[in-house]
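Source file: query_24.cif; contents: mmCIF, C-alpha atoms.
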data_data
loop_
_atom_site.label_atom_id
_atom_site.label_comp_id
_atom_site.auth_asym_id
_atom_site.auth_seq_id
_atom_site.Cartn_x
_atom_site.Cartn_y
_atom_site.Cartn_z
CA MET A 1067 4.62 -16.36 -4.70
CA LYS A 1068 4.75 -15.08 -8.28
CA ASP A 1069 1.05 -15.91 -8.64
CA LEU A 1070 0.44 -13.48 -5.77
CA HIS A 1071 2.50 -10.82 -7.63
CA VAL A 1072 5.20 -10.94 -4.93
CA LEU A 1073 8.53 -9.93 -6.42
CA ASP A 1074 11.56 -12.19 -6.07
CA PRO A 1075 14.01 -11.16 -3.31
CA ASP A 1076 17.26 -9.51 -4.34
CA GLU A 1077 19.21 -11.94 -2.15
CA LEU A 1078 18.57 -15.47 -0.85
CA THR A 1079 20.81 -16.29 2.11
CA ARG A 1080 21.54 -19.40 4.18
CA VAL A 1081 22.42 -19.08 7.85
CA THR A 1082 25.20 -21.64 7.43
CA GLU A 1083 27.01 -19.26 5.08
CA TYR A 1084 27.27 -16.52 7.71
CA GLY A 1085 28.60 -18.22 10.83
CA PRO A 1086 31.59 -15.86 11.25
CA LYS A 1087 29.42 -12.78 10.67
CA ILE A 1088 26.88 -13.99 13.23
CA ALA A 1089 29.67 -14.46 15.76
CA GLU A 1090 30.95 -10.94 15.01
CA PHE A 1091 27.44 -9.56 15.48
CA VAL A 1092 27.07 -11.27 18.87
CA GLU A 1093 30.53 -10.11 19.96
CA LYS A 1094 29.52 -6.49 19.33
CA ILE A 1095 26.50 -6.88 21.59
CA VAL A 1096 28.71 -8.41 24.32
CA ALA A 1097 31.21 -5.54 23.89
CA ASN A 1098 28.35 -3.06 24.36
CA ARG A 1099 27.54 -4.83 27.67
CA PHE A 1100 24.11 -5.98 26.54
CA ALA A 1101 24.96 -9.70 26.47
CA TYR A 1102 27.03 -12.20 28.46
CA ALA A 1103 28.58 -15.63 27.94
CA THR A 1104 28.00 -18.70 30.10
CA SER A 1105 30.44 -21.51 30.87
CA ASP A 1106 29.11 -23.76 28.10
CA GLY A 1107 29.88 -21.14 25.44
CA SER A 1108 26.33 -19.88 25.04
CA VAL A 1109 25.61 -16.15 24.89
CA TYR A 1110 22.45 -14.56 26.28
CA PHE A 1111 20.96 -11.14 25.80
CA ASP A 1112 20.85 -9.14 29.05
CA ILE A 1113 17.41 -7.49 29.05
CA HIS A 1114 17.98 -5.76 32.40
CA SER A 1115 21.15 -4.04 31.19
CA PHE A 1116 19.44 -3.12 27.93
CA GLU A 1117 16.54 -1.42 29.72
CA LYS A 1118 18.83 0.18 32.30
CA ALA A 1119 20.67 1.91 29.45
CA GLY A 1120 17.41 3.60 28.43
CA HIS A 1121 16.21 1.21 25.74
CA SER A 1122 12.71 -0.28 25.64
CA TYR A 1123 12.23 -4.02 25.39
CA ALA A 1124 9.02 -5.52 23.99
CA ARG A 1125 8.17 -2.35 22.08
CA LEU A 1126 5.93 -4.21 19.64
CA GLU A 1127 3.84 -5.84 22.37
CA PRO A 1128 4.70 -4.10 25.66
CA TRP A 1129 1.84 -5.84 27.44
CA ASN A 1130 3.77 -9.11 27.09
CA ARG A 1131 6.94 -7.74 28.73
CA ASN A 1132 6.67 -10.08 31.73
CA ASN A 1133 4.92 -12.96 29.98
CA GLN A 1134 7.51 -15.64 30.82
CA PRO A 1135 5.49 -18.60 29.46
CA LEU A 1136 5.35 -16.86 26.06
CA GLN A 1137 9.05 -16.04 26.26
CA ARG A 1138 9.93 -19.64 27.08
CA ASP A 1139 7.71 -20.85 24.27
CA GLY A 1140 9.53 -18.52 21.87
CA GLU A 1141 12.92 -19.81 22.99
CA GLY A 1142 11.97 -23.48 23.01
CA LYS A 1143 14.78 -25.74 24.11
CA LEU A 1144 17.21 -22.80 24.07
CA SER A 1145 15.65 -21.36 27.23
CA HIS A 1146 16.89 -24.07 29.59
CA SER A 1147 20.02 -22.74 31.28
CA VAL A 1148 20.78 -22.49 34.98
CA GLU A 1149 23.38 -19.79 34.31
CA LYS A 1150 21.04 -17.17 32.87
CA ARG A 1151 21.05 -13.98 34.94
CA SER A 1152 17.31 -13.69 34.43
CA PRO A 1153 14.70 -16.12 33.14
CA ASP A 1154 13.70 -13.35 30.70
CA ASP A 1155 17.09 -13.33 28.93
CA PHE A 1156 17.12 -14.97 25.52
CA ALA A 1157 19.82 -16.85 23.65
CA LEU A 1158 21.93 -15.09 21.03
CA TRP A 1159 24.28 -18.00 20.45
CA LYS A 1160 23.99 -21.73 21.06
CA ALA A 1161 26.39 -24.27 19.66
CA SER A 1162 23.53 -26.36 18.28
CA ARG A 1163 21.66 -23.39 16.77
CA PRO A 1164 23.87 -20.43 15.90
CA GLY A 1165 21.15 -17.93 15.04
CA GLU A 1166 19.87 -16.07 12.03
CA PRO A 1167 21.42 -13.99 9.21
CA THR A 1168 22.61 -10.50 10.10
CA SER A 1169 22.90 -7.33 8.10
CA LYS A 1170 25.86 -8.15 5.87
CA LYS A 1171 23.52 -8.16 2.88
CA LEU A 1172 21.16 -5.52 4.29
CA GLY A 1173 23.69 -2.80 4.96
CA GLY A 1174 23.94 -0.69 8.09
CA GLN A 1175 20.20 -0.27 8.61
CA ILE A 1176 17.13 -2.47 8.30
CA ASP A 1177 14.25 -0.34 7.05
CA ILE A 1178 11.50 -2.98 7.13
CA HIS A 1179 11.36 -6.21 9.08
CA SER A 1180 8.32 -8.27 8.16
CA GLY A 1181 6.78 -11.44 9.47
CA GLY A 1182 3.74 -13.11 10.96
CA ILE A 1183 1.87 -11.24 13.67
CA ASP A 1184 1.97 -14.35 15.84
CA LEU A 1185 5.76 -13.90 16.05
CA ALA A 1186 5.68 -10.25 17.14
CA PHE A 1187 6.59 -11.25 20.69
CA PRO A 1188 9.08 -12.47 21.60
CA HIS A 1189 10.63 -13.28 18.21
CA HIS A 1190 10.52 -9.85 16.53
CA ASP A 1191 10.90 -7.95 19.78
CA ASN A 1192 14.08 -9.92 20.49
CA GLU A 1193 15.46 -9.16 17.04
CA LEU A 1194 14.54 -5.51 17.45
CA ALA A 1195 16.45 -5.38 20.75
CA GLN A 1196 19.48 -7.05 19.15
CA SER A 1197 19.56 -4.48 16.36
CA GLU A 1198 19.49 -1.60 18.83
CA ALA A 1199 22.06 -3.27 21.09
CA VAL A 1200 24.60 -3.69 18.30
CA GLY A 1201 24.34 0.01 17.45
CA ARG A 1202 22.13 -0.06 14.36
CA ALA A 1203 19.17 2.18 13.70
CA LYS A 1204 15.83 1.02 15.02
CA THR A 1205 13.81 -1.31 12.86
CA SER A 1206 10.10 -1.69 12.38
CA ASN A 1207 7.74 -4.56 11.77
CA GLY A 1208 5.54 -4.77 8.69
CA VAL A 1209 3.61 -7.08 6.42
CA THR A 1210 3.77 -7.64 2.65
CA GLY A 1211 2.23 -9.61 -0.16
CA PRO A 1212 -1.57 -9.81 0.31
CA LEU A 1213 -3.59 -11.42 -2.48
CA GLU A 1214 -4.42 -8.86 -5.15
CA ALA A 1215 -8.13 -9.55 -4.68
CA TYR A 1216 -7.88 -8.36 -1.06
CA ALA A 1217 -5.24 -5.69 -1.59
CA LEU A 1218 -7.70 -2.81 -1.25
CA PHE A 1219 -8.82 -4.08 2.16
CA PHE A 1220 -5.25 -4.25 3.42
CA LEU A 1221 -4.40 -0.83 2.03
CA TRP A 1222 -7.42 0.83 3.62
CA GLU A 1223 -6.92 -0.82 7.01
CA ALA A 1224 -3.09 -1.01 7.07
CA GLY A 1225 -3.36 -4.26 9.07
CA VAL A 1226 -1.43 -3.17 12.16
CA ASP A 1227 -3.99 -4.57 14.59
CA GLY A 1228 -5.59 -7.08 12.24
CA ILE A 1229 -8.21 -6.53 9.58
CA GLU A 1230 -11.93 -7.09 9.87
CA ILE A 1231 -13.63 -7.05 6.47
CA THR A 1232 -16.84 -5.22 7.37
CA PRO A 1233 -19.60 -4.00 5.03
CA GLU A 1234 -18.31 -0.47 5.62
CA LEU A 1235 -14.78 -1.41 4.58
CA THR A 1236 -16.10 -3.24 1.52
CA GLN A 1237 -18.14 -0.19 0.52
CA THR A 1238 -15.16 2.14 1.00
CA ALA A 1239 -12.85 -0.04 -1.10
CA SER A 1240 -15.47 -0.53 -3.81
CA ALA A 1241 -16.26 3.19 -4.03
CA TRP A 1242 -12.54 4.01 -4.29
CA GLU A 1243 -12.08 1.45 -7.07
CA ASP A 1244 -15.12 2.75 -8.98
CA LYS A 1245 -13.84 6.30 -8.62
CA LEU A 1246 -10.50 5.40 -10.19
CA ASN A 1247 -12.17 3.31 -12.91
CA ASN A 1248 -14.23 6.36 -13.93
CA PHE A 1249 -11.17 8.58 -13.70
CA PHE A 1250 -9.10 6.38 -16.01
CA VAL A 1251 -11.95 6.11 -18.54
CA LYS A 1252 -12.34 9.90 -18.52
CA VAL A 1253 -8.63 10.63 -18.89
CA LYS A 1254 -8.36 8.23 -21.81
CA ASN A 1255 -11.39 9.81 -23.49
CA PRO A 1256 -10.05 11.74 -26.52
CA SER A 1257 -12.87 14.27 -26.22
CA THR A 1258 -11.97 15.14 -22.62
CA GLN A 1259 -9.93 18.26 -23.28
CA ASN A 1260 -11.89 20.66 -21.13
CA VAL A 1261 -13.25 19.26 -17.89
CA ILE A 1262 -16.17 21.08 -16.34
CA SER A 1263 -17.83 18.98 -13.69
CA GLY A 1264 -19.32 20.96 -10.91
CA ARG A 1265 -18.70 24.05 -8.85
CA THR A 1266 -17.29 24.26 -5.38
CA SER A 1267 -18.03 26.73 -2.62
CA THR A 1268 -14.31 27.42 -2.17
CA PRO A 1269 -11.80 28.69 -4.75
CA CYS A 1270 -10.64 25.85 -6.99
CA ILE A 1271 -7.00 24.84 -6.51
CA SER A 1272 -5.16 24.44 -9.80
CA LEU A 1273 -4.71 20.87 -10.87
CA GLY A 1274 -0.95 21.35 -11.14
CA ARG A 1275 -0.74 22.51 -7.55
CA ALA A 1276 -3.02 19.69 -6.41
CA LEU A 1277 -0.71 17.14 -8.06
CA VAL A 1278 2.36 18.61 -6.34
CA THR A 1279 0.51 18.52 -3.01
CA ALA A 1280 -0.54 14.90 -3.56
CA LYS A 1281 3.03 13.84 -4.32
CA SER A 1282 4.24 15.51 -1.14
CA LYS A 1283 1.49 13.85 0.91
CA LEU A 1284 2.28 10.41 -0.49
CA HIS A 1285 5.96 10.77 0.39
CA GLU A 1286 5.01 11.83 3.90
CA HIS A 1287 2.50 9.00 4.38
CA PHE A 1288 4.80 6.30 2.99
CA CYS A 1289 7.56 7.46 5.33
CA ASP A 1290 5.15 7.32 8.27
CA SER A 1291 5.19 3.52 8.72
CA PHE A 1292 3.53 3.03 5.33
CA ASP A 1293 0.30 4.79 6.30
CA THR A 1294 -1.55 3.40 3.28
CA PRO A 1295 -5.06 4.52 4.34
CA LYS A 1296 -3.85 8.12 4.09
CA VAL A 1297 -2.17 7.30 0.77
CA MET A 1298 -5.49 6.02 -0.57
CA SER A 1299 -7.28 9.12 0.71
CA ALA A 1300 -4.70 11.41 -0.92
CA ILE A 1301 -5.25 9.72 -4.28
CA SER A 1302 -9.02 10.04 -3.85
CA GLU A 1303 -8.70 13.75 -3.00
CA LEU A 1304 -6.62 14.36 -6.12
CA VAL A 1305 -9.21 12.63 -8.34
CA SER A 1306 -11.94 14.69 -6.67
CA THR A 1307 -10.02 17.88 -7.46
CA PHE A 1308 -9.87 16.77 -11.08
CA ASN A 1309 -13.57 15.89 -11.15
CA ASN A 1310 -14.65 19.13 -9.46
CA SER A 1311 -12.35 21.44 -11.38
CA GLY A 1312 -14.10 24.29 -13.09
CA GLN A 1313 -10.92 25.21 -14.96
CA SER A 1314 -9.75 24.14 -18.37
CA VAL A 1315 -7.51 21.10 -18.04
CA SER A 1316 -5.00 20.63 -20.80
CA ALA A 1317 -4.25 17.29 -22.39
CA LYS A 1318 -0.74 17.46 -20.91
CA GLN A 1319 -2.09 17.98 -17.39
CA MET A 1320 -4.43 15.00 -17.76
CA GLU A 1321 -1.61 12.86 -19.11
CA ASP A 1322 0.70 13.78 -16.21
CA LEU A 1323 -2.08 13.17 -13.70
CA GLY A 1324 -3.12 9.86 -15.26
CA GLN A 1325 0.44 8.55 -15.46
CA TRP A 1326 1.29 9.50 -11.88
CA ILE A 1327 -1.85 7.91 -10.42
CA THR A 1328 -1.24 4.79 -12.54
CA GLN A 1329 2.37 4.57 -11.33
CA THR A 1330 1.14 4.91 -7.74
CA VAL A 1331 -1.42 2.11 -8.00
CA ASN A 1332 1.31 0.00 -9.60
CA ILE A 1333 3.53 0.64 -6.58
CA LEU A 1334 0.65 -0.43 -4.34
CA GLY A 1335 0.37 -3.73 -6.24
CA LEU A 1336 -3.11 -3.01 -7.58
CA ASN A 1337 -2.23 -3.58 -11.22
CA GLY A 1338 -0.76 -7.07 -11.32
CA THR A 1339 2.91 -7.07 -12.23
CA ALA A 1340 2.84 -3.70 -14.01
CA SER A 1341 6.00 -1.68 -13.43
CA PRO A 1342 5.86 1.64 -11.55
CA GLU A 1343 8.21 2.99 -14.20
CA GLY A 1344 5.69 2.52 -17.01
CA THR A 1345 4.05 5.36 -18.93
CA GLU A 1346 0.70 3.66 -19.52
CA ILE A 1347 -2.46 5.14 -18.06
CA GLY A 1348 -5.00 3.02 -16.21
CA TRP A 1349 -5.02 -0.39 -14.63
CA ARG A 1350 -6.25 -3.68 -15.99
CA GLY A 1351 -9.94 -3.63 -16.81
CA THR A 1352 -10.12 0.04 -17.83
CA ASP A 1353 -8.98 -0.50 -21.41
CA ILE A 1354 -11.91 0.32 -23.67
CA PRO A 1355 -12.32 -2.18 -26.56
CA GLU A 1356 -12.14 -0.39 -29.90
CA PRO A 1357 -15.71 -1.27 -31.00
CA THR A 1358 -17.16 0.28 -27.82
CA LYS A 1359 -15.28 3.60 -27.89
CA PRO A 1360 -17.85 5.47 -30.05
CA PHE A 1361 -20.41 4.81 -27.32
CA VAL A 1362 -18.56 4.60 -24.00
CA TYR A 1363 -16.72 7.92 -24.35
CA PRO A 1364 -19.82 9.99 -25.26
CA LEU A 1365 -21.71 8.39 -22.37
CA SER A 1366 -18.86 9.23 -20.01
CA THR A 1367 -18.87 12.84 -21.20
CA MET A 1368 -22.66 13.04 -20.91
CA ARG A 1369 -22.49 11.78 -17.33
CA ASP A 1370 -19.96 14.45 -16.39
CA VAL A 1371 -21.99 17.24 -17.97
CA LEU A 1372 -25.18 16.04 -16.27
CA ARG A 1373 -23.41 15.86 -12.92
CA SER A 1374 -22.04 19.36 -13.42
CA ALA A 1375 -25.49 20.67 -14.25
CA ALA A 1376 -27.07 18.87 -11.29
CA MET A 1377 -24.48 20.34 -8.90
CA SER A 1378 -24.95 23.88 -10.19
CA GLN A 1379 -27.40 26.37 -8.73
CA ASP A 1380 -29.28 26.68 -12.01
CA GLU A 1381 -32.32 24.59 -12.75
CA LEU A 1382 -31.89 22.17 -15.65
CA SER A 1383 -34.59 22.61 -18.27
CA VAL A 1384 -36.02 19.86 -20.43
CA GLN A 1385 -34.48 21.49 -23.48
CA GLN A 1386 -31.04 21.49 -21.84
CA LEU A 1387 -31.43 17.86 -20.85
CA ASP A 1388 -32.40 16.89 -24.39
CA SER A 1389 -29.39 18.80 -25.70
CA ILE A 1390 -27.01 17.00 -23.36
CA VAL A 1391 -28.43 13.56 -24.16
CA ALA A 1392 -28.25 14.34 -27.88
CA THR A 1393 -24.46 14.35 -27.64
CA THR A 1394 -24.59 10.56 -27.44
CA ILE A 1395 -26.40 10.14 -30.75
CA VAL A 1396 -24.44 8.05 -33.26
CA ASP A 1397 -25.37 7.68 -36.93
CA GLU A 1398 -26.27 4.02 -37.41
CA ASP A 1399 -24.97 4.08 -40.98
CA GLU A 1400 -21.48 4.82 -39.66
CA VAL A 1401 -21.46 1.99 -37.12
CA SER A 1402 -19.16 -0.94 -37.91
CA VAL A 1403 -20.33 -4.52 -37.77
CA ALA A 1404 -18.27 -5.13 -34.61
CA SER A 1405 -19.89 -2.11 -32.95
CA LYS A 1406 -23.50 -3.02 -33.80
CA PRO A 1407 -24.26 -4.78 -30.44
CA TYR A 1408 -23.01 -1.77 -28.48
CA PHE A 1409 -24.95 0.62 -30.68
CA GLN A 1410 -28.12 -1.32 -29.88
CA VAL A 1411 -27.40 -1.12 -26.13
CA LEU A 1412 -26.97 2.65 -26.36
CA LYS A 1413 -30.11 2.97 -28.46
CA ASN A 1414 -32.11 1.01 -25.88
CA PHE A 1415 -30.63 3.13 -23.11
CA ARG A 1416 -31.71 6.38 -24.79
CA THR A 1417 -35.24 5.22 -25.64
CA GLU A 1418 -35.98 3.54 -22.33
#

Serialized structure, C-alpha cells:
Amino acid sequence: MKDLHVLDPDELTRVTEYGPKIAEFVEKIVANRFAYATSDGSVYFDIHSFEKAGHSYARLEPWNRNNQPLQRDGEGKLSHSVEKRSPDDFALWKASRPGEPTSKKLGGQIDIHSGGIDLAFPHHDNELAQSEAVGRAKTSNGVTGPLEAYALFFLWEAGVDGIEITPELTQTASAWEDKLNNFFVKVKNPSTQNVISGRTSTPCISLGRALVTAKSKLHEHFCDSFDTPKVMSAISELVSTFNNSGQSVSAKQMEDLGQWITQTVNILGLNGTASPEGTEIGWRGTDIPEPTKPFVYPLSTMRDVLRSAAMSQDELSVQQLDSIVATTIVDEDEVSVASKPYFQVLKNFRTE
C-alpha cells in the first residue's frame, strides 16, 4: 500500500477485541425498536420498523431494495433462520460470527465509509442502516487510494458510477496536467515579476480575490461528497486567472499562489508522498535542472509574451516578433560546459 502512496491507518483493530462494544451497539438498536432477538440468541435488524419510522433502506442502491437473492448472498449462512420476521431482515449478531468493529475508535460519527462497489448492496447499505438505527449521524460511501498514474482520471470522474477512460477524459486530464506544469515553471521563473499574458473582455479580478474565491470553492466542493471534478476545475480557473491577468503580480502573490496550489495537489495525492504542510512550490517533474535554467526560463517568458501579443487586438509586426525572440539570446561565451547541450538546442530552435 505504501507503494501506492496510501497512508498508514491511525488505528488497526481486531473484531475479537471489541466483543462487549459490539454487543452494546446491538443492544442500542434493539432498544430503539429497530432490531429483535430470536430464541437461539441471534439478533436481526427489522427493516420494516426502520422504514416505518421514516428512514430509507438501500439508499446506496435503491433499485435493489427487494432483491432477495442478492440479500441472501450478502448474508451467506447467516440468512437461514425460520424466526426472522421478514426474509429481508439481516443478522446483527450470531454466536458464530459476532459482527464487525463499531465506532469506539471512530468517535460519534463516521464521516467516510469506503469499500468495493460490489459490496454497496447489501453490505454497505446494511451498515448504513445500522448507523442510523443506533442514533449516529448518517454515513456515506467513498473510495480511496487509486494508483498515482491514474489519479487524474479518478479525480476528474469522481468514480461514483464507475470510470470509463475515454479519449476525451484522457485529453482533459493531460491538458490540466500540462497547464499546471507550465504554471509551476512560470512561478519558479525568477524573471516572472510582472505577468502580462493577454486581455480579457471582462474586468480582471485581482489575483488575491481569485485565490480567496478558489479556497472557498475548494472547501465547498470537498464538503459536497468530495466533488473532485469541481475541485480540479476550480484549480484550473485560478491558474487561468493568473495567466490572463493584465495586472502586475508581486513575487509574494505568486509565492502564495504557488504554495497553495502545490499544497492542494499534495492533498489530492498527485505529488507522491509530499506533505500538504510543505512550503515547496511545484510537483515532481517541474524542477528545472540548474544547467537548463538560462534557457528554459527565457523561453517560458517568450511564450507568455507571444501569447499575450497574439491575444491582443493589435497586429504583431515582424520587428516586434524579432524583439520578443531576441530576449532568448544567450552569449555563448558565458555558457557553462554543463549547459552547452541546452544552448545548442536553443540555438537550433531559433535558427530553424

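Here CA of Thr1330 (chain A) is placed at a distance of 8.7 Å from CA of Ile1301 (chain A).
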
Pick out the residues sitting within 8 Å of region 1183-1188 of chain A, and hand them over as a ChimeraX atom specification; count all atoms listed in the file, and ignore anything fewer than 2 positions along from it in its own chain. /A:1124,1126-1127,1130,1136-1137,1140,1181,1190-1192

What gap, in Å, lies between CA of Arg1373 (chain A) and CA of Lys1281 (chain A)? 27.9 Å

Could you state the separation of CA of Trp1129 (chain A) and CA of Glu1149 (chain A) in Å, given to one decimal place? 26.6 Å

Return as number ranges by chain the set of residues that the PyMOL selection byres ((chain A and resi 1307) around 9) yields on the displayed structure. A: 1270-1273, 1276, 1302-1306, 1308-1311

Give me the residues of region 1109-1131 of chain A that have any atom at most 8 Å from an atom of region 1087-1100 of chain A; for each, the nearest atom pair and the distance in Å, rounded to one decimal. Use only C-alpha atoms, sort by chain and number, and format it as a Markdown table.
| residue | atom | partner | partner_atom | distance |
| --- | --- | --- | --- | --- |
| A:Val1109 | CA | A:Val1092 | CA | 7.9 |
| A:Phe1111 | CA | A:Phe1100 | CA | 6.1 |
| A:Asp1112 | CA | A:Phe1100 | CA | 5.2 |
| A:Ile1113 | CA | A:Phe1100 | CA | 7.3 |
| A:Ser1115 | CA | A:Phe1100 | CA | 5.8 |
| A:Phe1116 | CA | A:Phe1100 | CA | 5.6 |

Please evaluate the PyMOL selection byres ((chain A and resi 1327) around 12) against the structure above and give the resulting residues as a ChimeraX atom specification. /A:1246-1247,1249-1250,1253,1277,1280-1281,1284,1297-1298,1300-1305,1308,1320-1326,1328-1334,1336-1337,1342-1349

As a check of understanding, name the residues that the PyMOL selection byres ((chain A and resi 1156) around 6) selects in the supplied structure, as a PyMOL selection string. chain A and resi 1110-1111+1155+1157

Kindly compute an axis-aligned box around the listed atoms of region 1345-1351 of chain A, allowing 4 Å on each side, and express its centre and edge lengths in Å to one decimal as AutoDock Vina command-line options.
--center_x -2.9 --center_y 0.8 --center_z -17.1 --size_x 22.0 --size_y 17.0 --size_z 12.9
